[in-house]
$ cat query22.txt   # compact mmCIF, C-alpha atoms
# COMPACT_ATOMS: atom_id res chain seq x y z
CA MET A 46 -33.14 -2.24 -20.40
CA SER A 47 -34.99 -4.92 -22.38
CA MET A 48 -33.04 -7.70 -24.03
CA VAL A 49 -33.86 -10.60 -26.28
CA VAL A 50 -31.42 -13.51 -26.52
CA SER A 51 -32.17 -16.25 -29.03
CA LYS A 52 -30.52 -19.58 -29.68
CA GLN A 53 -31.30 -22.52 -31.90
CA ILE A 54 -30.65 -25.97 -30.54
CA LYS A 55 -30.18 -28.96 -32.81
CA LEU A 56 -31.13 -32.38 -31.46
CA GLN A 57 -30.40 -35.64 -33.20
CA SER A 58 -33.39 -37.84 -32.61
CA ASP A 59 -34.61 -41.24 -33.69
CA GLY A 60 -38.20 -40.17 -33.09
CA GLN A 61 -40.74 -42.83 -32.09
CA PHE A 62 -41.75 -40.99 -28.90
CA ASN A 63 -38.22 -39.98 -28.06
CA VAL A 64 -38.27 -37.88 -24.86
CA ILE A 65 -35.36 -35.49 -24.53
CA ASN A 66 -34.83 -33.50 -21.34
CA ILE A 67 -33.53 -30.07 -22.30
CA THR A 68 -33.87 -28.36 -18.91
CA ASP A 69 -30.14 -27.88 -18.50
CA GLN A 70 -29.78 -26.30 -21.92
CA VAL A 71 -32.51 -23.80 -21.10
CA VAL A 72 -30.96 -23.06 -17.71
CA ASP A 73 -27.63 -22.43 -19.44
CA LEU A 74 -29.20 -19.97 -21.84
CA VAL A 75 -30.99 -18.08 -19.09
CA GLU A 76 -27.90 -17.85 -16.92
CA SER A 77 -25.71 -16.69 -19.78
CA SER A 78 -28.27 -14.18 -21.05
CA GLY A 79 -27.86 -11.76 -18.16
CA ILE A 80 -31.63 -11.33 -17.98
CA THR A 81 -32.87 -10.92 -14.40
CA ASN A 82 -36.63 -10.76 -14.92
CA GLY A 83 -38.53 -11.92 -17.96
CA GLN A 84 -39.50 -15.10 -19.75
CA VAL A 85 -37.94 -17.79 -21.85
CA LEU A 86 -39.75 -19.33 -24.77
CA VAL A 87 -38.96 -22.89 -25.89
CA TYR A 88 -40.32 -23.43 -29.38
CA PHE A 89 -40.21 -26.68 -31.36
CA GLN A 90 -39.83 -26.03 -35.04
CA HIS A 91 -41.56 -29.13 -36.34
CA THR A 92 -45.00 -30.55 -36.88
CA THR A 93 -44.29 -34.01 -35.49
CA GLY A 94 -43.29 -33.29 -31.93
CA TYR A 95 -44.01 -31.07 -28.96
CA VAL A 96 -42.64 -29.53 -25.81
CA ILE A 97 -44.08 -30.11 -22.38
CA ILE A 98 -43.28 -29.24 -18.82
CA GLY A 99 -43.55 -32.34 -16.74
CA GLU A 100 -41.90 -34.70 -14.34
CA HIS A 101 -39.34 -36.80 -16.14
CA GLU A 102 -40.45 -40.07 -14.58
CA ALA A 103 -40.51 -43.37 -16.43
CA GLY A 104 -44.06 -44.24 -15.38
CA ILE A 105 -45.43 -40.91 -16.54
CA MET A 106 -43.60 -41.25 -19.86
CA ALA A 107 -45.02 -44.74 -20.35
CA ASP A 108 -48.52 -43.52 -19.41
CA MET A 109 -48.28 -40.60 -21.81
CA GLN A 110 -47.09 -42.86 -24.58
CA ASP A 111 -50.00 -45.22 -23.91
CA LEU A 112 -52.53 -42.38 -23.78
CA LEU A 113 -51.34 -40.88 -27.04
CA GLU A 114 -51.34 -44.31 -28.64
CA ARG A 115 -54.99 -44.78 -27.58
CA ILE A 116 -56.17 -41.51 -29.04
CA THR A 117 -53.82 -41.30 -32.04
CA PRO A 118 -52.62 -44.84 -32.79
CA LYS A 119 -49.62 -45.28 -35.04
CA ASP A 120 -51.30 -47.97 -37.11
CA PHE A 121 -54.33 -46.23 -38.52
CA PRO A 122 -55.29 -45.36 -42.08
CA TYR A 123 -54.71 -41.63 -41.75
CA LYS A 124 -55.75 -39.58 -44.74
CA HIS A 125 -52.33 -37.94 -44.51
CA HIS A 126 -50.91 -41.22 -45.81
CA ILE A 127 -52.95 -41.17 -49.02
CA ARG A 128 -50.32 -39.13 -50.83
CA GLU A 129 -47.76 -41.83 -49.92
CA VAL A 130 -45.04 -39.38 -48.97
CA ASP A 131 -44.67 -40.06 -45.29
CA TYR A 132 -46.56 -42.25 -42.86
CA ASN A 133 -46.55 -40.16 -39.71
CA GLY A 134 -50.18 -39.13 -39.42
CA HIS A 135 -50.22 -40.01 -35.74
CA ALA A 136 -47.25 -37.68 -35.11
CA HIS A 137 -48.93 -34.74 -36.81
CA LEU A 138 -52.14 -35.20 -34.85
CA ARG A 139 -50.28 -35.51 -31.57
CA ALA A 140 -48.36 -32.33 -32.36
CA ALA A 141 -51.66 -30.59 -33.06
CA LEU A 142 -53.02 -31.64 -29.67
CA MET A 143 -49.88 -31.00 -27.64
CA PRO A 144 -48.03 -27.72 -27.17
CA THR A 145 -45.46 -26.61 -29.73
CA SER A 146 -43.93 -24.26 -27.21
CA VAL A 147 -43.74 -23.47 -23.52
CA THR A 148 -42.93 -20.22 -21.74
CA ILE A 149 -41.27 -20.14 -18.34
CA PRO A 150 -40.78 -17.07 -16.15
CA ILE A 151 -37.30 -15.84 -15.28
CA ILE A 152 -37.15 -14.39 -11.77
CA GLU A 153 -34.00 -12.91 -10.27
CA GLY A 154 -31.96 -14.40 -13.06
CA LYS A 155 -33.23 -17.95 -12.49
CA LEU A 156 -35.71 -20.17 -14.27
CA ALA A 157 -38.87 -20.36 -12.16
CA LEU A 158 -39.50 -24.06 -12.59
CA GLY A 159 -41.11 -25.98 -9.76
CA SER A 160 -39.23 -28.76 -8.02
CA TYR A 161 -40.74 -31.48 -10.17
CA GLN A 162 -40.80 -29.63 -13.44
CA ASP A 163 -38.48 -30.43 -16.32
CA ILE A 164 -38.64 -29.18 -19.89
CA LEU A 165 -39.15 -32.17 -22.15
CA VAL A 166 -39.10 -32.35 -25.92
CA ILE A 167 -41.00 -35.31 -27.30
CA ASP A 168 -40.29 -36.27 -30.90
CA ASP A 169 -42.80 -38.57 -32.58
CA GLN A 170 -41.29 -38.50 -36.06
CA VAL A 171 -40.93 -41.94 -37.63
CA ASP A 172 -37.35 -41.61 -38.84
CA HIS A 173 -33.95 -40.35 -37.76
CA GLU A 174 -33.67 -36.65 -38.40
CA PRO A 175 -32.21 -33.66 -36.64
CA ARG A 176 -34.75 -31.64 -34.73
CA TYR A 177 -34.52 -27.91 -34.10
CA LEU A 178 -35.71 -25.80 -31.22
CA ILE A 179 -35.60 -22.07 -30.66
CA LEU A 180 -34.85 -20.82 -27.18
CA GLN A 181 -35.62 -17.17 -26.67
CA ALA A 182 -35.06 -15.35 -23.42
CA MET A 183 -36.63 -11.91 -23.09
CA GLY A 184 -36.64 -9.40 -20.29
CA ASP A 185 -34.64 -6.88 -18.33
CA MET B 152 -46.05 -49.45 -2.03
CA VAL B 153 -44.05 -52.40 -3.37
CA ASP B 154 -41.11 -53.27 -1.15
CA ILE B 155 -37.94 -52.46 -3.06
CA GLN B 156 -35.02 -54.57 -1.92
CA ALA B 157 -32.43 -54.10 -4.64
CA LEU B 158 -31.35 -51.02 -6.56
CA ILE B 159 -29.68 -51.69 -9.89
CA PHE B 160 -27.59 -48.87 -11.27
CA TRP B 161 -26.33 -48.70 -14.82
CA LEU B 162 -22.75 -47.48 -14.91
CA SER B 163 -22.81 -45.60 -18.19
CA GLY B 164 -25.10 -42.59 -18.03
CA VAL B 165 -25.52 -42.63 -14.25
CA PHE B 166 -22.00 -42.59 -12.81
CA HIS B 167 -20.70 -40.65 -15.75
CA PRO B 168 -22.16 -39.21 -18.97
CA SER B 169 -23.30 -41.96 -21.30
CA LEU B 170 -20.75 -43.54 -23.60
CA ALA B 171 -22.49 -41.87 -26.53
CA GLU B 172 -22.09 -38.45 -24.94
CA VAL B 173 -18.45 -39.11 -24.09
CA ILE B 174 -17.72 -40.22 -27.64
CA SER B 175 -19.52 -37.14 -28.89
CA GLN B 176 -17.26 -34.89 -26.85
CA VAL B 177 -14.14 -36.74 -27.89
CA VAL B 178 -15.00 -37.01 -31.52
CA ILE B 179 -16.95 -33.97 -32.37
CA GLY B 180 -15.69 -31.57 -29.73
CA LYS B 181 -19.09 -30.16 -28.93
CA GLY B 182 -21.22 -30.47 -25.85
CA CYS B 183 -24.64 -32.13 -26.03
CA VAL B 184 -26.24 -28.70 -26.21
CA ASN B 185 -25.78 -28.62 -29.94
CA LEU B 186 -25.72 -32.24 -30.89
CA ASN B 187 -27.56 -35.11 -29.32
CA PHE B 188 -25.10 -37.69 -30.50
CA SER B 189 -26.71 -40.33 -28.36
CA THR B 190 -29.48 -40.94 -30.82
CA GLN B 191 -27.53 -41.46 -34.03
CA PRO B 192 -28.75 -44.97 -34.73
CA ASP B 193 -25.62 -46.68 -36.11
CA ILE B 194 -23.49 -45.47 -33.24
CA ILE B 195 -26.16 -46.50 -30.74
CA HIS B 196 -26.27 -50.01 -32.16
CA LEU B 197 -22.49 -50.21 -31.94
CA ILE B 198 -22.55 -49.07 -28.33
CA ASP B 199 -25.22 -51.62 -27.48
CA ASP B 200 -23.26 -54.43 -29.15
CA PHE B 201 -20.14 -53.31 -27.33
CA ALA B 202 -21.96 -53.27 -24.00
CA LEU B 203 -23.29 -56.78 -24.61
CA GLY B 204 -19.84 -58.09 -25.54
CA LYS B 205 -20.86 -58.87 -29.11
CA ILE B 206 -17.88 -56.87 -30.39
CA ASN B 207 -14.56 -56.24 -28.68
CA ASP B 208 -13.09 -52.83 -27.99
CA SER B 209 -10.81 -52.87 -31.03
CA SER B 210 -13.70 -53.55 -33.39
CA PHE B 211 -15.83 -51.00 -31.57
CA CYS B 212 -13.29 -48.21 -31.88
CA ARG B 213 -12.47 -49.16 -35.44
CA GLU B 214 -16.13 -48.89 -36.41
CA ILE B 215 -16.51 -45.54 -34.64
CA VAL B 216 -13.45 -44.18 -36.44
CA LYS B 217 -14.83 -45.38 -39.74
CA ASN B 218 -18.37 -44.22 -39.01
CA VAL B 219 -17.48 -40.61 -38.20
CA GLY B 220 -14.48 -40.35 -40.51
CA LEU B 221 -11.88 -39.72 -37.82
CA GLU B 222 -8.21 -39.29 -38.51
CA ILE B 223 -6.94 -41.05 -35.42
CA SER B 224 -6.25 -44.72 -34.83
CA PRO B 225 -8.77 -46.92 -33.00
CA ASP B 226 -6.29 -47.36 -30.16
CA GLU B 227 -5.94 -43.60 -29.76
CA LEU B 228 -9.70 -43.26 -29.74
CA LYS B 229 -9.99 -45.91 -27.07
CA GLU B 230 -7.52 -44.14 -24.81
CA LYS B 231 -9.18 -40.78 -25.36
CA ILE B 232 -12.60 -42.21 -24.51
CA ILE B 233 -11.38 -43.86 -21.32
CA GLU B 234 -9.55 -40.76 -20.10
CA SER B 235 -12.54 -38.55 -20.92
CA ILE B 236 -14.93 -40.46 -18.70
CA VAL B 237 -15.48 -38.36 -15.59
CA ARG B 238 -17.94 -38.73 -12.77
CA ASN B 239 -21.37 -37.09 -12.79
CA PRO B 240 -21.40 -34.70 -9.83
CA GLY B 241 -23.19 -35.68 -6.66
CA VAL B 242 -23.99 -39.26 -7.60
CA ILE B 243 -21.58 -40.91 -5.14
CA GLN B 244 -22.97 -38.81 -2.30
CA THR B 245 -26.55 -39.69 -3.21
CA ILE B 246 -25.83 -43.41 -3.44
CA GLN B 247 -23.89 -43.43 -0.19
CA SER B 248 -26.87 -41.88 1.59
CA LEU B 249 -28.88 -45.05 0.96
CA PRO B 250 -29.41 -47.44 3.87
CA GLU B 251 -27.41 -50.66 3.97
CA SER B 252 -30.67 -52.62 3.99
CA LEU B 253 -31.08 -51.87 0.28
CA GLN B 254 -28.88 -54.02 -1.94
CA ARG B 255 -26.93 -51.96 -4.46
CA TRP B 256 -25.96 -53.58 -7.74
CA LEU B 257 -24.02 -52.08 -10.61
CA ILE B 258 -24.39 -53.11 -14.24
CA VAL B 259 -21.02 -52.56 -15.86
CA ASP B 260 -21.71 -51.99 -19.51
CA TYR B 261 -18.08 -52.04 -20.60
CA PRO B 262 -15.46 -54.73 -20.99
CA ARG B 263 -13.70 -55.53 -17.75
CA SER B 264 -10.43 -54.07 -19.07
CA TRP B 265 -12.01 -50.64 -19.52
CA PHE B 266 -13.80 -50.77 -16.18
CA ASP B 267 -10.62 -51.66 -14.30
CA LYS B 268 -8.97 -48.51 -15.67
CA MET B 269 -11.87 -46.28 -14.60
CA ALA B 270 -13.10 -47.79 -11.35
CA ALA B 271 -10.74 -45.96 -9.00
CA ARG B 272 -11.24 -42.61 -10.76
CA LEU B 273 -15.01 -43.03 -10.63
CA GLU B 274 -14.86 -44.10 -6.95
CA ILE B 275 -17.04 -47.12 -7.62
CA PHE B 276 -15.98 -49.18 -4.64
CA PRO B 277 -17.08 -46.96 -1.80
CA CYS B 278 -20.57 -47.42 -3.29
CA PHE B 279 -20.56 -51.04 -4.45
CA SER B 280 -19.10 -54.28 -3.28
CA GLN B 281 -17.10 -56.27 -5.85
CA LYS B 282 -19.63 -59.06 -5.37
CA ARG B 283 -22.40 -56.83 -6.60
CA LEU B 284 -20.92 -55.86 -9.93
CA VAL B 285 -22.49 -57.45 -12.99
CA TYR B 286 -20.46 -57.41 -16.18
CA LEU B 287 -22.86 -57.21 -19.08
CA THR B 288 -20.18 -58.30 -21.55
CA GLN B 289 -19.79 -61.62 -19.74
CA MET B 290 -23.46 -62.51 -19.51
CA GLY B 291 -23.96 -63.80 -23.04
CA LEU B 292 -27.16 -61.82 -23.50
CA ARG B 293 -28.53 -61.00 -26.92
CA THR B 294 -30.45 -57.98 -25.66
CA MET B 295 -29.87 -55.95 -22.53
CA THR B 296 -33.32 -56.17 -21.08
CA PRO B 297 -35.03 -57.93 -19.52
CA GLY B 298 -32.28 -60.56 -19.37
CA VAL B 299 -29.89 -58.56 -17.22
CA PHE B 300 -32.58 -58.00 -14.60
CA ASP B 301 -33.52 -61.68 -14.54
CA GLN B 302 -29.92 -62.48 -13.67
CA VAL B 303 -29.45 -59.70 -11.13
CA ALA B 304 -32.70 -60.57 -9.37
CA GLN B 305 -31.52 -64.19 -9.18
CA LEU B 306 -28.13 -63.14 -7.78
CA ALA B 307 -29.78 -60.78 -5.31
CA LYS B 308 -32.28 -63.49 -4.34
CA VAL B 309 -35.20 -61.08 -4.68
CA PRO B 310 -38.18 -61.03 -7.04
CA LYS B 311 -37.89 -58.75 -10.07
CA SER B 312 -40.79 -56.72 -8.75
CA SER B 313 -38.60 -55.76 -5.78
CA CYS B 314 -35.88 -54.34 -8.02
CA LEU B 315 -35.49 -50.72 -9.03
CA SER B 316 -33.40 -49.78 -12.03
CA ILE B 317 -31.64 -46.42 -12.21
CA ASP B 318 -30.86 -45.67 -15.83
CA GLN B 319 -30.19 -42.65 -17.99
CA ASN B 320 -31.46 -44.38 -21.13
CA ARG B 321 -35.04 -43.13 -21.37
CA LYS B 322 -36.38 -45.67 -23.82
CA ARG B 323 -34.76 -48.53 -21.94
CA CYS B 324 -36.34 -47.19 -18.72
CA ILE B 325 -39.80 -47.26 -20.21
CA GLN B 326 -39.24 -50.77 -21.61
CA THR B 327 -37.90 -51.91 -18.22
CA LEU B 328 -41.07 -50.62 -16.62
CA ARG B 329 -43.18 -52.49 -19.16
CA ASP B 330 -41.17 -55.63 -18.33
CA GLY B 331 -42.36 -55.35 -14.75
CA ILE B 332 -39.33 -53.74 -13.12
CA GLN B 333 -39.63 -50.29 -11.63
CA SER B 334 -37.24 -47.79 -13.12
CA VAL B 335 -36.01 -44.29 -12.51
CA ILE B 336 -34.86 -42.09 -15.39
CA PHE B 337 -31.56 -40.68 -14.21
CA VAL B 338 -31.33 -36.96 -14.98
CA ASN B 339 -28.94 -35.73 -12.29
CA ALA B 340 -28.02 -36.43 -8.67
CA ARG B 341 -30.54 -33.94 -7.34
CA ASN B 342 -33.47 -35.58 -9.12
CA LEU B 343 -32.21 -39.00 -8.03
CA GLU B 344 -32.08 -37.89 -4.42
CA ARG B 345 -35.59 -36.48 -4.73
CA GLU B 346 -36.77 -39.86 -6.05
CA PHE B 347 -35.13 -41.66 -3.13
CA ILE B 348 -36.91 -39.34 -0.72
CA LEU B 349 -40.26 -39.87 -2.45
CA ARG B 350 -39.76 -43.63 -2.16
CA ARG B 351 -38.77 -43.19 1.51
CA PHE B 352 -35.34 -44.72 1.05
CA ILE B 353 -33.78 -41.65 2.68
CA GLY B 354 -35.13 -38.85 4.82
CA LYS B 355 -35.88 -35.25 3.81
CA THR B 356 -33.04 -33.79 5.87
CA GLN B 357 -30.64 -35.32 3.38
CA PHE B 358 -32.21 -33.34 0.52
CA ASN B 359 -29.48 -30.84 0.06
CA HIS B 360 -28.90 -30.72 -3.68
CA GLN B 361 -29.94 -27.31 -5.03
CA PRO B 362 -31.60 -27.28 -8.43
CA PRO B 363 -29.17 -25.66 -10.86
CA GLY B 364 -30.33 -22.28 -12.04
CA GLN B 365 -33.68 -22.48 -10.29
CA SER B 366 -35.21 -20.20 -7.73
CA LEU B 367 -34.95 -21.15 -4.05
CA HIS B 368 -38.69 -20.64 -3.55
CA MET B 369 -39.92 -23.40 -5.80
CA ASN B 370 -40.15 -26.42 -3.49
CA HIS B 371 -43.65 -27.42 -4.48
CA ASN B 372 -45.43 -30.72 -4.55
CA PRO B 373 -45.80 -32.26 -8.03

$ encode --input "query22.txt" --output "structure tokens"
Amino acid sequence: MSMVVSKQIKLQSDGQFNVINITDQVVDLVESSGITNGQVLVYFQHTTGYVIIGEHEAGIMADMQDLLERITPKDFPYKHHIREVDYNGHAHLRAALMPTSVTIPIIEGKLALGSYQDILVIDDQVDHEPRYLILQAMGD
Amino acid sequence: MVDIQALIFWLSGVFHPSLAEVISQVVIGKGCVNLNFSTQPDIIHLIDDFALGKINDSSFCREIVKNVGLEISPDELKEKIIESIVRNPGVIQTIQSLPESLQRWLIVDYPRSWFDKMAARLEIFPCFSQKRLVYLTQMGLRTMTPGVFDQVAQLAKVPKSSCLSIDQNRKRCIQTLRDGIQSVIFVNARNLEREFILRRFIGKTQFNHQPPGQSLHMNHNP
């Protein structure tokens, strides 16, 4: 019988390339869902951050931060800033380039992540705001 | 590969959930699933000042009580925080698997009085010698890094490039790396053990932590 289990997670974040490892939260949802085979969707509900699957290693995080800074520098006269509402043009562009969501298989009731894979939320917003994610597990 | 000679563990966040997470559980009564308390900026600044010894525990607890609008006294909050600090599973075992040739240092980011109440419960001393504890509150530092590593490297009589920091604080880890000291983001004991194996500190036969909630068939390379 097919099931869909959804949950919203709220994260307090100070932005500025804040990397938050949510693997355990996703594991908890999958295990409590009762789903044996299916998928879980992790969806970031904002336009200034993204979700990746990667190794949560300091060097990789520093490299990613440097790479994103090279291609979408924080200090740049983005046209988004013309309206003088918010100055987070770099965050919007990064979110457009990076994935807003990831989907991971559920096999035999377990999340099928590889040994080095973690689910990481990266928030590039320029101020301190809560951030919301949807976790949705679907399957039999 | 650079020869690592000294491992420097942060107490809060590695041996037990970070102080911010503990306070969150005490104060708000929710797990970190729903509220990432650790990034509320005012509380974080307070915790950092407390760790550096810029404010004492009475002032710290008083400010927390005021900040979150609690209806308990600062002293009650202090006792609740201390009694709520419990060990992260598997960490002791992972640290004890390290060879004696690697120096192990512990940065105590609490006042001595708090640490003395927790040390036995956290089983610190099977892992660390008293001589290799560094009390951040007594160092007179204005910022945690890189100053603390300068001092530990001097005490350990090794270059900073031969030190490895193990730290749950992600941003501090990245900054530590940029300051020229290798760092490991602590997630859990299993990931830490995996990192030690990758760095050849310990052998593969000791890799016996099972990923929580993950399939047994997923032992891939990166």

$ interface_residues --input "query22.txt" --of "chain A" --to "chain B" --cutoff "7 Å" --atoms "all atoms listed in the file" --output "list in words"
Ile54, Lys55, Leu56, Gln57, Ser58, Asp59, Gln70, Val72, His101, Glu102, Ala103, Ala107, Lys155, Leu156, Ala157, Leu158, Gly159, Ser160 and Tyr161 of chain A

$ atom_distance --input "query22.txt" --atom1 "atom CA of A:Asn82" --atom2 "atom CA of A:Asp69"
18.7 Å

$ atom_distance --input "query22.txt" --atom1 "atom CA of B:Ser235" --atom2 "atom CA of B:Gln176"
8.4 Å

$ atom_distance --input "query22.txt" --atom1 "atom CA of B:Arg350" --atom2 "atom CA of B:Gln302"
24.2 Å

$ residues_around --input "query22.txt" --residues "stretch 74-79 of chain A" --least-positions-apart "6" --cutoff "10 Å" --atoms "only C-alpha atoms" --output "JSON, numbers by chain"
{"A": [48, 49, 50, 51, 52, 85, 151, 154, 155, 156, 180, 181, 182, 183, 184, 185], "B": [363, 364, 365]}

$ residues_around --input "query22.txt" --residues "B:Leu284" --least-positions-apart "4" --cutoff "10 Å" --atoms "all atoms listed in the file" --output "list in words"
Ile159, Phe160, Leu162, Arg255, Trp256, Leu257, Ile258, Val259, Ile275, Phe276, Phe279, Ser280 and Val303 of chain B

$ residues_around --input "query22.txt" --residues "stretch 216-227 of chain B" --least-positions-apart "3" --cutoff "12 Å" --atoms "all atoms listed in the file" --output "list in words"
Ile174, Ser175, Val177, Val178, Ile179, Phe188, Gln191, Pro192, Asp193, Ile194, Ile195, His196, Leu197, Asn207, Asp208, Ser209, Ser210, Phe211, Cys212, Arg213, Glu230, Lys231, Ile232, Ile233 and Glu234 of chain B

$ closest_residue --input "query22.txt" --among "A:Gly94, A:Glu174, A:Ile164, A:Asp111" --to "A:Ala141" --atoms "all atoms listed in the file"
A:Gly94

$ residues_near_point --input "query22.txt" --point "(-21.9, -53.9, -18.1)" --cutoff "9 Å" --atoms "only C-alpha atoms" --output "short mmCIF file (atom, residue, chain, number, x, y, z; two decimals) with C-alpha atoms, in the coordinates of the input"
data_model
loop_
_atom_site.label_atom_id
_atom_site.label_comp_id
_atom_site.auth_asym_id
_atom_site.auth_seq_id
_atom_site.Cartn_x
_atom_site.Cartn_y
_atom_site.Cartn_z
CA TRP B 161 -26.33 -48.70 -14.82
CA LEU B 162 -22.75 -47.48 -14.91
CA SER B 163 -22.81 -45.60 -18.19
CA ALA B 202 -21.96 -53.27 -24.00
CA LEU B 203 -23.29 -56.78 -24.61
CA GLY B 204 -19.84 -58.09 -25.54
CA LEU B 257 -24.02 -52.08 -10.61
CA ILE B 258 -24.39 -53.11 -14.24
CA VAL B 259 -21.02 -52.56 -15.86
CA ASP B 260 -21.71 -51.99 -19.51
CA TYR B 261 -18.08 -52.04 -20.60
CA PRO B 262 -15.46 -54.73 -20.99
CA ARG B 263 -13.70 -55.53 -17.75
CA PHE B 266 -13.80 -50.77 -16.18
CA LEU B 284 -20.92 -55.86 -9.93
CA VAL B 285 -22.49 -57.45 -12.99
CA TYR B 286 -20.46 -57.41 -16.18
CA LEU B 287 -22.86 -57.21 -19.08
CA THR B 288 -20.18 -58.30 -21.55
CA GLN B 289 -19.79 -61.62 -19.74
CA MET B 290 -23.46 -62.51 -19.51
#
